[in-house]
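Structure first, then comments.
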Amino acid sequence: MRGLPLALAFSLALAQEYLPLPGTPTGHGLYDQSYALVYKAENPKAVLLMIPGLLGGSTNFALLAEHLRREAPGLEVWAWERRANGLEDRQGFLQEDPLAYYGNLPQPDLTPLRQWGLEVHLNDPDLAVEAARQRAPVVLAGHSLGASLATLYAWAHGERLSGLVLLDGGLPDTPLSPEAFWEGTSTPFGPFPSLRALLSGQADPVFRLPFLSPKDLALAEAEAFVAAQRPLEVVPWGPYRATREAQALIKVDDHYSLLPTFSVSVGRAWAREGLSLLGLLQGRLVQTVRGPRGWVVEWRDTEEATDPRAFLRSYARPQTGFSEWYFPFRLLLETAGYPHTGLGLVPKALPYPILALGAGRGLVPNPQGFRLEKVFPGTQAQVWVLEGLTHLDILTEREGRTAQAILAYLRGLGLL
């Protein structure tokens, strides 16, 4: 699926390189590798290795990486992504009509995902850190669930790092109980299967949410990919017509999104609006597009946190994208129940300061939410909340506030 010649040419043209990395052997051959979208520097002074969150792919960090590299040419940025991205069929991005291609997306063999739990996803980044250390000292950064993985990695191998950055995420306040881990539990979204059910084949190996199935994620990337190329092209949209950029951005903008965790602040549609009934059922005042003022729904950049066209440009590329279509449920389960995995993961002090950045409208809207005194006892920390940003804005915001905070931290470590 990977290693497409045209995709590689595309990445090289953007002065980036998409690298397959060695992975922990699990008996699945080519699937035993992870990947990194590398923003290379000549003679780098430091490597920032970034881990995406739940359902996240390497281009989560594209806009942040551009800010970082522009301000600090001596910094090399590695946007790492998990081995499940190797299951994605990216051939559609080389077709004339990516949307038609992904409208009929076949499901690959998902058997390997049953083995891809926390141990594999701590060993894989360890191999990535080893590769990055051949370039320069490594600082690990994680966003959302990626911050949980970065925390657990630092507990296991913190001495191999030169710094740690947590971006609007961390370990759960209360891990899963042993009963929930081994026998399952119920959640507002439905049953949460157990490890036994997963390993016996009774549970889906892929984590899914309503409207965020693998096919939904693939189509969203295809839609953004086409919209970035032809933003003002007018296409049918339900009972209306809309520009491609409006069609794509309405689904992710914080003003319209039913899923606040996955929203960004990218502007407003030029159309009549009303209250979304689904939003009201969730207890949220979400707007929905009722129809255009005129005959085409268009998009306006209202100078909010994230630049809409830059966001679309970064969202999907032929070799990688913003999402992970086949997120291993076992990884989510074992991260939430890490004390029961037998990996001996316990809090520890680190020999360098930590940077923790929260988002004012995200998962960690106050400094106390990181609980660093408990997670990394006796470790110095810089903790800030970037007000006004959503959970994803912290990665995509146009002003470079996140990048400036990270660069100040790296300079304080003497790495730049």
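Identifiers in this document derive from the order of the structure tokens: chains are assigned A, B, ..., residues are numbered from 1 separately in each chain, and ligands are numbered from 1 in order of occurrence.
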Who sits within 12 Å of A:Ala62, only C-alpha atoms, same chain under 4 positions skipped, as a PyMOL selection string: chain A and resi 14+16+36-39+50+52+57-58+66-69+77-80+310-317+320-322+395-398+403
What does the distance between atom CA of A:Pro347 and atom CA of A:Phe370 come to in Å, to one decimal place? 13.4 Å
Could you list, as a list in words, every residue within 10 Å of A:Gln229, counting only C-alpha atoms and ignoring same-chain residues fewer than 2 positions away? Ala224, Phe225, Val226, Ala227, Pro231, Leu232, Glu233, Arg244, Glu245, Arg309, Leu312 and Arg313 of chain A
So, with only C-alpha atoms as the atoms that count, which of A:Leu161, A:Leu54, A:Leu140, A:Ala180 lies closest to A:Leu212? A:Leu54
Would you list, as a ChimeraX atom specification, the residues of stretch 215-397 of chain A that end up in alpha helix (DSSP H) under DSSP run on this structure's backbone? /A:215-229,244-249,277-281,308-315,329-336,372-375,393-396
Tell me, counting only C-alpha atoms, for each residue of stretch 323-392 of chain A within 7 Å of stretch 246-264 of chain A, which pair of atoms is nearest and how far apart they are in Å to one decimal, in rows ordered by chain and increasing number, as a tab-separated table.
residue	atom	partner	partner_atom	distance
A:Thr390	CA	A:Val264	CA	6.3
A:His391	CA	A:Thr261	CA	6.1
A:Leu392	CA	A:Val264	CA	5.8
For the residues selected in the previous step, produce a file with N, CA and C atoms as a PDB file, in the first residue's frame.
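Below is the file again06.pdb, written as the result:
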ATOM      1  N   THR A 390      -9.236  25.105  20.485  1.00  0.00           N
ATOM      2  CA  THR A 390      -9.821  23.790  20.648  1.00  0.00           C
ATOM      3  C   THR A 390      -8.705  22.744  20.736  1.00  0.00           C
ATOM      4  N   HIS A 391      -9.126  21.502  20.923  1.00  0.00           N
ATOM      5  CA  HIS A 391      -8.184  20.394  21.069  1.00  0.00           C
ATOM      6  C   HIS A 391      -7.294  20.234  19.839  1.00  0.00           C
ATOM      7  N   LEU A 392      -7.841  20.470  18.635  1.00  0.00           N
ATOM      8  CA  LEU A 392      -7.043  20.366  17.417  1.00  0.00           C
ATOM      9  C   LEU A 392      -6.414  21.689  17.019  1.00  0.00           C
TER      10      LEU A 392
END
Please report as a tab-separated table every residue of stretch 269-330 of chain A lying within 7 Å of stretch 87-90 of chain A, along with the nearest atom pair and their distance in Å (one decimal), using only C-alpha atoms.
residue	atom	partner	partner_atom	distance
A:Pro318	CA	A:Arg90	CA	6.2
A:Gln319	CA	A:Arg90	CA	6.3
A:Trp325	CA	A:Glu88	CA	6.9
Residue with the minimum atom-to-atom distance to A:Pro178, picked from A:Ala336, A:Ala203, A:Ile51, A:Leu145 with only C-alpha atoms counted, is A:Ala336
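Atom CA of A:Pro112 is found 17.5 Å from atom CA of A:Leu21.
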Determine, counting only C-alpha atoms, which protein, DNA and RNA residues have an atom within 12 Å of an atom of A:Tyr326; residues of the same chain fewer than 5 positions away are not included. Present the result as a ChimeraX atom specification. /A:54-57,81-89,107-114,116,204-209,212-218,331
May I have the selected residues written with N, CA, C and O atoms, as a short mmCIF file (atom, residue, chain, number, x, y, z; two decimals), in the first residue's frame?
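Written out: again.cif:
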data_model
loop_
_atom_site.label_atom_id
_atom_site.label_comp_id
_atom_site.auth_asym_id
_atom_site.auth_seq_id
_atom_site.Cartn_x
_atom_site.Cartn_y
_atom_site.Cartn_z
N LEU A 54 -5.69 9.77 19.27
CA LEU A 54 -6.67 8.80 18.83
C LEU A 54 -7.13 9.14 17.42
O LEU A 54 -7.53 10.28 17.14
N LEU A 55 -7.08 8.16 16.52
CA LEU A 55 -7.48 8.32 15.12
C LEU A 55 -6.61 9.33 14.37
O LEU A 55 -7.01 9.81 13.31
N GLY A 56 -5.43 9.66 14.90
CA GLY A 56 -4.61 10.70 14.30
C GLY A 56 -3.50 10.15 13.42
O GLY A 56 -2.90 9.11 13.72
N GLY A 57 -3.22 10.87 12.33
CA GLY A 57 -2.13 10.54 11.43
C GLY A 57 -1.06 11.61 11.45
O GLY A 57 -1.15 12.61 12.18
N GLU A 81 3.82 8.05 12.94
CA GLU A 81 2.48 7.46 12.98
C GLU A 81 2.57 5.95 13.13
O GLU A 81 3.55 5.32 12.75
N ARG A 82 1.52 5.40 13.70
CA ARG A 82 1.53 4.00 14.10
C ARG A 82 1.45 3.05 12.90
O ARG A 82 1.05 3.42 11.80
N ARG A 83 1.79 1.81 13.16
CA ARG A 83 1.88 0.81 12.11
C ARG A 83 0.54 0.57 11.41
O ARG A 83 0.52 0.13 10.26
N ALA A 84 -0.58 0.83 12.07
CA ALA A 84 -1.88 0.61 11.43
C ALA A 84 -2.06 1.46 10.18
O ALA A 84 -2.87 1.13 9.31
N ASN A 85 -1.32 2.56 10.08
CA ASN A 85 -1.42 3.37 8.87
C ASN A 85 -0.95 2.60 7.64
O ASN A 85 -1.31 2.94 6.51
N GLY A 86 -0.16 1.56 7.84
CA GLY A 86 0.29 0.74 6.73
C GLY A 86 -0.82 -0.10 6.12
O GLY A 86 -0.66 -0.65 5.03
N LEU A 87 -1.97 -0.21 6.81
CA LEU A 87 -3.12 -0.94 6.27
C LEU A 87 -3.95 -0.09 5.32
O LEU A 87 -4.82 -0.62 4.62
N GLU A 88 -3.70 1.21 5.30
CA GLU A 88 -4.53 2.10 4.49
C GLU A 88 -4.20 1.96 3.01
O GLU A 88 -3.04 1.91 2.62
N ASP A 89 -5.22 1.92 2.22
CA ASP A 89 -5.07 1.91 0.76
C ASP A 89 -5.05 3.36 0.28
O ASP A 89 -6.09 4.01 0.16
N GLN A 107 -12.45 -3.54 3.02
CA GLN A 107 -11.78 -3.69 4.30
C GLN A 107 -10.59 -4.62 4.16
O GLN A 107 -10.72 -5.73 3.65
N PRO A 108 -9.42 -4.20 4.63
CA PRO A 108 -8.25 -5.09 4.56
C PRO A 108 -8.33 -6.16 5.65
O PRO A 108 -9.26 -6.17 6.47
N ASP A 109 -7.37 -7.03 5.68
CA ASP A 109 -7.25 -8.02 6.74
C ASP A 109 -6.90 -7.31 8.04
O ASP A 109 -5.82 -6.73 8.17
N LEU A 110 -7.82 -7.33 9.01
CA LEU A 110 -7.61 -6.63 10.27
C LEU A 110 -7.08 -7.54 11.37
O LEU A 110 -6.96 -7.11 12.52
N THR A 111 -6.76 -8.77 11.04
CA THR A 111 -6.26 -9.72 12.04
C THR A 111 -5.05 -9.19 12.80
O THR A 111 -4.97 -9.36 14.03
N PRO A 112 -4.07 -8.53 12.14
CA PRO A 112 -2.89 -8.07 12.89
C PRO A 112 -3.22 -7.15 14.05
O PRO A 112 -2.48 -7.11 15.04
N LEU A 113 -4.33 -6.39 13.96
CA LEU A 113 -4.63 -5.40 14.99
C LEU A 113 -4.85 -6.03 16.36
O LEU A 113 -4.68 -5.36 17.37
N ARG A 114 -5.23 -7.31 16.39
CA ARG A 114 -5.46 -7.95 17.68
C ARG A 114 -4.17 -8.09 18.49
O ARG A 114 -4.21 -8.22 19.71
N TRP A 116 -1.68 -5.74 18.21
CA TRP A 116 -1.03 -4.44 18.30
C TRP A 116 -1.56 -3.66 19.50
O TRP A 116 -2.39 -2.77 19.39
N ASP A 204 -14.61 -6.28 17.81
CA ASP A 204 -14.02 -5.64 16.63
C ASP A 204 -12.61 -5.17 16.97
O ASP A 204 -12.41 -4.46 17.96
N PRO A 205 -11.61 -5.54 16.18
CA PRO A 205 -10.24 -5.08 16.48
C PRO A 205 -10.01 -3.61 16.20
O PRO A 205 -8.98 -3.06 16.59
N VAL A 206 -10.94 -2.96 15.49
CA VAL A 206 -10.81 -1.53 15.14
C VAL A 206 -11.69 -0.70 16.06
O VAL A 206 -12.86 -1.03 16.29
N PHE A 207 -11.15 0.38 16.59
CA PHE A 207 -11.96 1.32 17.36
C PHE A 207 -12.76 2.18 16.40
O PHE A 207 -12.22 2.78 15.47
N ARG A 208 -14.07 2.26 16.63
CA ARG A 208 -14.96 3.03 15.76
C ARG A 208 -15.84 3.95 16.59
O ARG A 208 -16.23 3.60 17.71
N LEU A 209 -16.17 5.09 16.03
CA LEU A 209 -17.15 6.00 16.60
C LEU A 209 -18.24 6.26 15.56
O LEU A 209 -17.99 6.11 14.36
N LEU A 212 -17.46 8.02 12.30
CA LEU A 212 -16.00 8.00 12.17
C LEU A 212 -15.52 6.56 11.96
O LEU A 212 -14.60 6.09 12.62
N SER A 213 -16.17 5.87 11.04
CA SER A 213 -15.71 4.56 10.64
C SER A 213 -14.49 4.71 9.73
O SER A 213 -14.20 5.82 9.25
N PRO A 214 -13.76 3.63 9.45
CA PRO A 214 -12.64 3.75 8.50
C PRO A 214 -13.06 4.36 7.17
O PRO A 214 -12.32 5.19 6.61
N LYS A 215 -14.22 3.99 6.66
CA LYS A 215 -14.69 4.55 5.39
C LYS A 215 -14.96 6.04 5.53
O LYS A 215 -14.63 6.84 4.64
N ASP A 216 -15.56 6.47 6.65
CA ASP A 216 -15.82 7.89 6.89
C ASP A 216 -14.51 8.68 6.91
O ASP A 216 -14.41 9.77 6.34
N LEU A 217 -13.50 8.13 7.58
CA LEU A 217 -12.22 8.82 7.68
C LEU A 217 -11.53 8.91 6.33
O LEU A 217 -10.94 9.94 5.98
N ALA A 218 -11.60 7.83 5.55
CA ALA A 218 -11.00 7.84 4.21
C ALA A 218 -11.69 8.86 3.32
O ALA A 218 -11.03 9.62 2.58
N LEU A 331 -5.00 -1.12 21.59
CA LEU A 331 -4.15 -0.04 22.07
C LEU A 331 -4.92 0.90 23.00
O LEU A 331 -4.43 1.30 24.06
#
Which residues are close to A:Glu159, i.e. within 12 Å by only C-alpha atoms, leaving aside same-chain residues fewer than 2 positions away? Reply as a ChimeraX atom specification. /A:126,129,137-140,153-157,161-164,348-352
Please write the residues from the selection above to a file, keeping C-alpha atoms, as a PDB file, in the first residue's frame.
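Here's the written file result.pdb:
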ATOM      1  CA  ASP A 126      11.480   3.173  20.915  1.00  0.00           C
ATOM      2  CA  VAL A 129      13.643   7.201  18.922  1.00  0.00           C
ATOM      3  CA  PRO A 137      19.132  14.432  20.739  1.00  0.00           C
ATOM      4  CA  VAL A 138      15.417  13.561  20.764  1.00  0.00           C
ATOM      5  CA  VAL A 139      12.535  15.343  22.473  1.00  0.00           C
ATOM      6  CA  LEU A 140       9.285  13.347  22.450  1.00  0.00           C
ATOM      7  CA  TYR A 153       7.152   5.719  27.036  1.00  0.00           C
ATOM      8  CA  ALA A 154       8.905   8.172  29.366  1.00  0.00           C
ATOM      9  CA  TRP A 155       8.114   5.880  32.307  1.00  0.00           C
ATOM     10  CA  ALA A 156       9.708   2.976  30.412  1.00  0.00           C
ATOM     11  CA  HIS A 157      12.572   4.670  28.548  1.00  0.00           C
ATOM     12  CA  LEU A 161      15.064  11.285  25.657  1.00  0.00           C
ATOM     13  CA  SER A 162      16.307  14.829  26.140  1.00  0.00           C
ATOM     14  CA  GLY A 163      12.866  16.314  26.786  1.00  0.00           C
ATOM     15  CA  LEU A 164       9.115  15.620  26.881  1.00  0.00           C
ATOM     16  CA  LYS A 348       8.950   8.107  37.746  1.00  0.00           C
ATOM     17  CA  ALA A 349      10.982  11.296  37.918  1.00  0.00           C
ATOM     18  CA  LEU A 350      12.682  12.530  34.756  1.00  0.00           C
ATOM     19  CA  PRO A 351      16.145  14.154  34.634  1.00  0.00           C
ATOM     20  CA  TYR A 352      14.906  17.074  32.494  1.00  0.00           C
TER      21      TYR A 352
END
Considering only C-alpha atoms, state which residue in the set A:Lys40, A:His143, A:Arg290, A:His340 is at the smallest distance from A:Val364. A:His143
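Atom to atom, atom CA of A:Pro44 and atom CA of A:Val385 stand 28.8 Å apart.
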Would you mind listing what lies within 12 Å of A:Gly342 as a CSV table (one decimal) with all heavy atoms, in the first residue's frame, with only C-alpha atoms counted and same-chain residues fewer than 6 positions away left out?
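Written out: selection15.csv:
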chain,number,residue,atom,x,y,z
A,118,LEU,N,-0.4,-2.2,23.7
A,118,LEU,CA,0.5,-1.2,24.3
A,118,LEU,C,2.0,-1.6,24.2
A,118,LEU,O,2.8,-0.7,23.9
A,118,LEU,CB,0.1,-1.0,25.8
A,118,LEU,CG,0.9,0.1,26.5
A,118,LEU,CD1,0.7,1.5,25.8
A,118,LEU,CD2,0.3,0.3,27.9
A,119,GLU,N,2.3,-2.9,24.4
A,119,GLU,CA,3.7,-3.3,24.3
A,119,GLU,C,4.3,-3.0,22.9
A,119,GLU,O,5.4,-2.4,22.8
A,119,GLU,CB,3.8,-4.8,24.6
A,119,GLU,CG,5.3,-5.2,24.6
A,119,GLU,CD,5.5,-6.7,25.1
A,119,GLU,OE1,4.4,-7.4,25.2
A,119,GLU,OE2,6.6,-7.1,25.4
A,178,PRO,N,-9.6,-3.7,37.0
A,178,PRO,CA,-9.3,-5.0,36.4
A,178,PRO,C,-10.5,-5.7,35.8
A,178,PRO,O,-10.4,-6.4,34.8
A,178,PRO,CB,-8.8,-5.8,37.7
A,178,PRO,CG,-8.3,-4.8,38.6
A,178,PRO,CD,-9.2,-3.6,38.4
A,334,GLU,N,-5.6,-1.0,26.3
A,334,GLU,CA,-4.5,-1.2,27.2
A,334,GLU,C,-3.9,0.1,27.7
A,334,GLU,O,-3.2,0.1,28.8
A,334,GLU,CB,-3.4,-2.1,26.5
A,334,GLU,CG,-3.9,-3.5,26.3
A,334,GLU,CD,-2.8,-4.4,25.8
A,334,GLU,OE1,-1.7,-3.9,25.3
A,334,GLU,OE2,-3.0,-5.7,25.8
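Between A:Ala197 and the candidates A:Thr243, A:Thr306, A:Thr185, A:Asn104, the tightest atom-to-atom separation, counting only C-alpha atoms, involves A:Thr185.
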Would you mind writing down, as a ChimeraX atom specification, each residue of stretch 256-307 of chain A that DSSP on the backbone assigns to strand (DSSP E or B)? /A:264,268-270,272-275,287-291,297-300
Go ahead and write the residues just picked, N, CA and C atoms, as a PDB file, in the first residue's frame.
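Saved the output as out_27.pdb:
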ATOM      1  N   VAL A 264     -12.198  22.149  14.644  1.00  0.00           N
ATOM      2  CA  VAL A 264     -11.206  23.207  14.520  1.00  0.00           C
ATOM      3  C   VAL A 264     -11.938  24.524  14.273  1.00  0.00           C
ATOM      4  N   ARG A 268     -16.644  30.406   8.948  1.00  0.00           N
ATOM      5  CA  ARG A 268     -18.094  30.239   8.943  1.00  0.00           C
ATOM      6  C   ARG A 268     -18.588  30.044   7.517  1.00  0.00           C
ATOM      7  N   ALA A 269     -19.674  29.290   7.401  1.00  0.00           N
ATOM      8  CA  ALA A 269     -20.342  29.157   6.107  1.00  0.00           C
ATOM      9  C   ALA A 269     -21.169  30.399   5.830  1.00  0.00           C
ATOM     10  N   TRP A 270     -21.238  30.785   4.551  1.00  0.00           N
ATOM     11  CA  TRP A 270     -22.106  31.879   4.122  1.00  0.00           C
ATOM     12  C   TRP A 270     -23.428  31.244   3.705  1.00  0.00           C
ATOM     13  N   ARG A 272     -27.845  30.454   5.418  1.00  0.00           N
ATOM     14  CA  ARG A 272     -28.778  30.523   6.543  1.00  0.00           C
ATOM     15  C   ARG A 272     -28.388  29.441   7.548  1.00  0.00           C
ATOM     16  N   GLU A 273     -28.640  29.710   8.826  1.00  0.00           N
ATOM     17  CA  GLU A 273     -28.285  28.759   9.868  1.00  0.00           C
ATOM     18  C   GLU A 273     -29.480  28.493  10.769  1.00  0.00           C
ATOM     19  N   GLY A 274     -29.425  27.345  11.445  1.00  0.00           N
ATOM     20  CA  GLY A 274     -30.405  26.995  12.460  1.00  0.00           C
ATOM     21  C   GLY A 274     -29.743  26.127  13.503  1.00  0.00           C
ATOM     22  N   LEU A 275     -30.490  25.808  14.564  1.00  0.00           N
ATOM     23  CA  LEU A 275     -29.936  24.959  15.607  1.00  0.00           C
ATOM     24  C   LEU A 275     -30.019  23.498  15.186  1.00  0.00           C
ATOM     25  N   GLN A 287     -24.721  24.917  15.438  1.00  0.00           N
ATOM     26  CA  GLN A 287     -25.426  25.456  14.285  1.00  0.00           C
ATOM     27  C   GLN A 287     -25.395  24.463  13.122  1.00  0.00           C
ATOM     28  N   THR A 288     -26.404  24.548  12.297  1.00  0.00           N
ATOM     29  CA  THR A 288     -26.431  23.736  11.090  1.00  0.00           C
ATOM     30  C   THR A 288     -26.798  24.624   9.911  1.00  0.00           C
ATOM     31  N   VAL A 289     -26.372  24.266   8.728  1.00  0.00           N
ATOM     32  CA  VAL A 289     -26.640  25.047   7.529  1.00  0.00           C
ATOM     33  C   VAL A 289     -28.019  24.698   7.006  1.00  0.00           C
ATOM     34  N   ARG A 290     -28.886  25.697   6.903  1.00  0.00           N
ATOM     35  CA  ARG A 290     -30.258  25.492   6.433  1.00  0.00           C
ATOM     36  C   ARG A 290     -30.416  25.798   4.950  1.00  0.00           C
ATOM     37  N   GLY A 291     -29.480  26.544   4.410  1.00  0.00           N
ATOM     38  CA  GLY A 291     -29.574  26.897   3.001  1.00  0.00           C
ATOM     39  C   GLY A 291     -28.784  28.158   2.722  1.00  0.00           C
ATOM     40  N   VAL A 297     -23.595  27.656  -1.129  1.00  0.00           N
ATOM     41  CA  VAL A 297     -22.996  27.777   0.197  1.00  0.00           C
ATOM     42  C   VAL A 297     -21.497  28.004   0.012  1.00  0.00           C
ATOM     43  N   GLU A 298     -21.008  29.128   0.508  1.00  0.00           N
ATOM     44  CA  GLU A 298     -19.590  29.455   0.393  1.00  0.00           C
ATOM     45  C   GLU A 298     -18.955  29.494   1.782  1.00  0.00           C
ATOM     46  N   TRP A 299     -17.642  29.622   1.815  1.00  0.00           N
ATOM     47  CA  TRP A 299     -16.918  29.637   3.091  1.00  0.00           C
ATOM     48  C   TRP A 299     -16.201  30.955   3.275  1.00  0.00           C
ATOM     49  N   ARG A 300     -16.214  31.445   4.505  1.00  0.00           N
ATOM     50  CA  ARG A 300     -15.523  32.695   4.832  1.00  0.00           C
ATOM     51  C   ARG A 300     -14.478  32.448   5.912  1.00  0.00           C
TER      52      ARG A 300
END
Could you pull the residues within 6 Å of A:Ala242, counting only C-alpha atoms, minus those fewer than 3 positions along the same chain, as a PyMOL selection string? chain A and resi 234-235+237+296-297
Distance criterion (only C-alpha atoms): nearest to A:Pro210 out of A:Leu49, A:Ala271, A:Tyr409, A:Gly190: A:Gly190
